[in-house]
>>> print(open('query34.cif').read())   # mmCIF, C-alpha atoms
data_start
loop_
_atom_site.group_PDB
_atom_site.id
_atom_site.type_symbol
_atom_site.label_atom_id
_atom_site.label_comp_id
_atom_site.auth_asym_id
_atom_site.auth_seq_id
_atom_site.Cartn_x
_atom_site.Cartn_y
_atom_site.Cartn_z
ATOM 1 C CA MET A 1 146.568 42.237 98.193
ATOM 2 C CA ALA A 2 142.914 41.371 98.827
ATOM 3 C CA LYS A 3 140.318 42.243 96.243
ATOM 4 C CA PRO A 4 138.101 45.137 97.405
ATOM 5 C CA LYS A 5 134.734 44.251 98.884
ATOM 6 C CA ILE A 6 131.399 45.830 97.982
ATOM 7 C CA SER A 7 128.929 46.340 100.843
ATOM 8 C CA ILE A 8 125.266 46.478 99.856
ATOM 9 C CA LEU A 9 123.089 48.451 102.297
ATOM 10 C CA LEU A 10 119.547 47.188 102.014
ATOM 11 C CA PRO A 11 116.705 48.201 104.335
ATOM 12 C CA THR A 12 113.534 46.169 103.848
ATOM 13 C CA ARG A 13 110.059 45.822 105.311
ATOM 14 C CA LYS A 14 107.456 43.127 104.635
ATOM 15 C CA ARG A 15 108.667 42.442 101.094
ATOM 16 C CA THR A 16 110.563 39.187 101.275
ATOM 17 C CA GLU A 17 109.624 38.096 97.758
ATOM 18 C CA ALA A 18 110.886 41.382 96.325
ATOM 19 C CA LEU A 19 113.983 41.113 98.535
ATOM 20 C CA ILE A 20 114.782 37.631 97.202
ATOM 21 C CA ASN A 21 114.357 38.791 93.598
ATOM 22 C CA SER A 22 116.536 41.817 94.226
ATOM 23 C CA LEU A 23 119.286 39.823 95.934
ATOM 24 C CA ASN A 24 119.161 37.141 93.237
ATOM 25 C CA SER A 25 119.753 39.807 90.612
ATOM 26 C CA LEU A 26 122.770 41.161 92.498
ATOM 27 C CA ILE A 27 124.306 37.778 93.225
ATOM 28 C CA THR A 28 123.742 36.069 89.876
ATOM 29 C CA THR A 29 125.055 38.996 87.833
ATOM 30 C CA ALA A 30 128.139 39.542 90.016
ATOM 31 C CA SER A 31 131.407 38.185 88.679
ATOM 32 C CA ASP A 32 132.446 37.090 92.170
ATOM 33 C CA SER A 33 129.806 36.992 94.912
ATOM 34 C CA ALA A 34 132.540 36.297 97.481
ATOM 35 C CA ASN A 35 133.414 39.989 97.288
ATOM 36 C CA LEU A 36 129.909 41.057 98.296
ATOM 37 C CA GLU A 37 128.797 41.898 101.812
ATOM 38 C CA ILE A 38 125.010 42.056 102.117
ATOM 39 C CA CYS A 39 123.854 44.279 104.994
ATOM 40 C CA ILE A 40 120.121 44.135 105.658
ATOM 41 C CA ALA A 41 117.963 45.947 108.224
ATOM 42 C CA TYR A 42 114.307 45.265 108.968
ATOM 43 C CA ASP A 43 111.900 46.453 111.640
ATOM 44 C CA GLU A 44 111.370 44.553 114.874
ATOM 45 C CA ASP A 45 107.602 44.531 114.232
ATOM 46 C CA ASP A 46 107.997 43.070 110.718
ATOM 47 C CA THR A 47 106.890 39.473 111.302
ATOM 48 C CA GLU A 48 107.170 38.561 107.600
ATOM 49 C CA SER A 49 110.888 39.422 107.560
ATOM 50 C CA GLN A 50 111.432 37.841 110.984
ATOM 51 C CA GLU A 51 109.971 34.578 109.691
ATOM 52 C CA PHE A 52 112.057 34.697 106.514
ATOM 53 C CA PHE A 53 115.348 35.316 108.324
ATOM 54 C CA ALA A 54 114.551 32.707 110.994
ATOM 55 C CA THR A 55 113.553 29.914 108.618
ATOM 56 C CA GLN A 56 114.709 30.486 105.021
ATOM 57 C CA TRP A 57 117.686 32.851 105.034
ATOM 58 C CA ALA A 58 120.389 30.306 105.894
ATOM 59 C CA ASP A 59 119.400 28.013 103.012
ATOM 60 C CA TYR A 60 119.079 30.948 100.643
ATOM 61 C CA ILE A 61 122.430 32.599 101.401
ATOM 62 C CA ALA A 62 124.282 29.264 101.391
ATOM 63 C CA GLN A 63 123.839 29.219 97.603
ATOM 64 C CA CYS A 64 126.486 31.929 97.185
ATOM 65 C CA ASP A 65 129.762 33.031 98.737
ATOM 66 C CA ALA A 66 128.605 36.481 99.856
ATOM 67 C CA SER A 67 128.991 37.460 103.480
ATOM 68 C CA TYR A 68 126.114 39.103 105.286
ATOM 69 C CA LYS A 69 124.945 41.035 108.330
ATOM 70 C CA ILE A 70 121.304 41.193 109.418
ATOM 71 C CA PHE A 71 119.917 43.810 111.800
ATOM 72 C CA GLU A 72 116.500 43.885 113.434
ATOM 73 C CA THR A 73 115.831 47.498 114.446
ATOM 74 C CA GLU A 74 113.214 49.697 115.938
ATOM 75 C CA ARG A 75 110.805 50.962 113.317
ATOM 76 C CA PHE A 76 112.047 54.258 111.895
ATOM 77 C CA GLY A 77 109.667 54.473 108.944
ATOM 78 C CA TYR A 78 110.275 55.812 105.465
ATOM 79 C CA THR A 79 110.715 59.407 106.601
ATOM 80 C CA LYS A 80 113.737 58.307 108.623
ATOM 81 C CA LEU A 81 115.230 56.006 105.998
ATOM 82 C CA ASN A 82 118.560 57.619 106.823
ATOM 83 C CA GLU A 83 118.520 55.837 110.207
ATOM 84 C CA TYR A 84 118.567 52.430 108.502
ATOM 85 C CA VAL A 85 121.264 53.552 106.075
ATOM 86 C CA ASN A 86 123.383 54.988 108.893
ATOM 87 C CA LEU A 87 123.101 51.769 110.916
ATOM 88 C CA LEU A 88 124.042 49.623 107.940
ATOM 89 C CA GLY A 89 126.839 51.946 106.858
ATOM 90 C CA GLU A 90 128.356 51.985 110.352
ATOM 91 C CA ASN A 91 128.528 48.186 110.292
ATOM 92 C CA ALA A 92 129.644 47.683 106.695
ATOM 93 C CA THR A 93 133.234 46.616 106.094
ATOM 94 C CA GLY A 94 133.415 47.015 102.327
ATOM 95 C CA ASP A 95 135.695 49.309 100.387
ATOM 96 C CA TRP A 96 132.690 50.299 98.280
ATOM 97 C CA ILE A 97 129.201 50.986 99.619
ATOM 98 C CA PHE A 98 125.989 50.583 97.601
ATOM 99 C CA PHE A 99 122.670 51.801 98.915
ATOM 100 C CA TRP A 100 120.165 49.376 97.406
ATOM 101 C CA ASN A 101 116.382 48.975 97.453
ATOM 102 C CA ASP A 102 114.563 45.692 97.949
ATOM 103 C CA ASP A 103 112.602 46.268 94.741
ATOM 104 C CA ALA A 104 115.617 47.134 92.575
ATOM 105 C CA LEU A 105 117.050 44.661 90.073
ATOM 106 C CA MET A 106 120.609 44.513 88.758
ATOM 107 C CA LEU A 107 120.599 43.925 85.015
ATOM 108 C CA THR A 108 124.323 44.298 84.259
ATOM 109 C CA ASP A 109 126.402 41.131 84.153
ATOM 110 C CA GLY A 110 129.720 41.647 85.889
ATOM 111 C CA TRP A 111 128.534 44.838 87.595
ATOM 112 C CA ASP A 112 130.939 44.291 90.472
ATOM 113 C CA THR A 113 133.897 44.115 88.084
ATOM 114 C CA GLU A 114 132.771 47.374 86.497
ATOM 115 C CA VAL A 115 132.609 49.043 89.914
ATOM 116 C CA LEU A 116 136.025 47.776 90.919
ATOM 117 C CA LYS A 117 137.599 49.127 87.726
ATOM 118 C CA ASN A 118 137.270 52.486 89.467
ATOM 119 C CA ASP A 119 139.198 51.352 92.527
ATOM 120 C CA VAL A 120 142.347 53.425 92.458
#
>>> encode(input="query34.cif", output="structure tokens")
Amino acid sequence: MAKPKISILLPTRKRTEALINSLNSLITTASDSANLEICIAYDEDDTESQEFFATQWADYIAQCDASYKIFETERFGYTKLNEYVNLLGENATGDWIFFWNDDALMLTDGWDTEVLKNDV
């Protein structure tokens, strides 16, 4: 039986440095990054994120075993944050879904193991 996967839903806009720090905290504290699915959405007019995903993302994500999905969307804005979350949630394949912010940091080592202890 396959180990459950955790999908991380992460909308972002023009904050690639914060995004990298946030993702690093999730990946380095996870017991097994292979069980993570990182789902990211950014706006089609966000040139900073476009540049990051076009030039640096492949090298960055290659450092771990997590899978990922990247979506470039129309700009919904903060008042329609639910639109990003809905898009990401519809495309997530994990057994567990985490809504995550690009400025949040995971401080708990083995957080994924703790989550999966509740998988019944």
>>> closest_residue(input="query34.cif", among="A:Leu116, A:Asp109, A:Ile70, A:Ala34", to="Ile97 (chain A)", atoms="only C-alpha atoms")
A:Leu116
>>> residues_near_point(input="query34.cif", point="(108.7, 41.2, 92.0)", cutoff="8 Å", atoms="only C-alpha atoms", output="compact mmCIF listing (two decimals) with C-alpha atoms, in the frame of the given file")
# COMPACT_ATOMS: atom_id res chain seq x y z
CA GLU A 17 109.62 38.10 97.76
CA ALA A 18 110.89 41.38 96.32
CA ASN A 21 114.36 38.79 93.60
CA ASP A 103 112.60 46.27 94.74
>>> residues_around(input="query34.cif", residues="region 46-57 of chain A", least_positions_apart="6", cutoff="8 Å", atoms="only C-alpha atoms", output="PDB file with C-alpha atoms, in the frame of the given file")
ATOM      1  CA  ARG A  13     110.059  45.822 105.311  1.00  0.00           C
ATOM      2  CA  LYS A  14     107.456  43.127 104.635  1.00  0.00           C
ATOM      3  CA  ARG A  15     108.667  42.442 101.094  1.00  0.00           C
ATOM      4  CA  THR A  16     110.563  39.187 101.275  1.00  0.00           C
TER       5      THR A  16
END
>>> residues_around(input="query34.cif", residues="Ile27 (chain A)", least_positions_apart="2", cutoff="12 Å", atoms="only C-alpha atoms", output="MDAnalysis selection string")
chainID A and resid 6 8 20:25 29:38 60:67 105:112
>>> atom_distance(input="query34.cif", atom1="CA of Val115 (chain A)", atom2="CA of Ala58 (chain A)")
27.5 Å
>>> closest_residue(input="query34.cif", among="A:Trp100, A:Lys5, A:Lys117, A:Glu83", to="Leu26 (chain A)", atoms="only C-alpha atoms")
A:Trp100
>>> resolve_selection(input="query34.cif", expression="the PyMOL selection byres ((chain A and resi 73-82) around 12)", output="list in words")
Leu9, Leu10, Pro11, Thr12, Arg13, Ile40, Ala41, Tyr42, Asp43, Glu44, Asp45, Asp46, Ser49, Gln50, Ile70, Phe71, Glu72, Glu83, Tyr84, Val85, Asn86, Leu87, Leu88, Gly89, Glu90, Phe99, Trp100 and Asn101 of chain A
>>> atom_distance(input="query34.cif", atom1="CA of Asp59 (chain A)", atom2="CA of Ala104 (chain A)")
22.1 Å
>>> axis_aligned_box(input="query34.cif", around="region 95-100 of chain A", padding_each_side="5 Å", output="AutoDock Vina command-line options")
--center_x 127.9 --center_y 50.6 --center_z 98.9 --size_x 25.5 --size_y 12.5 --size_z 13.0
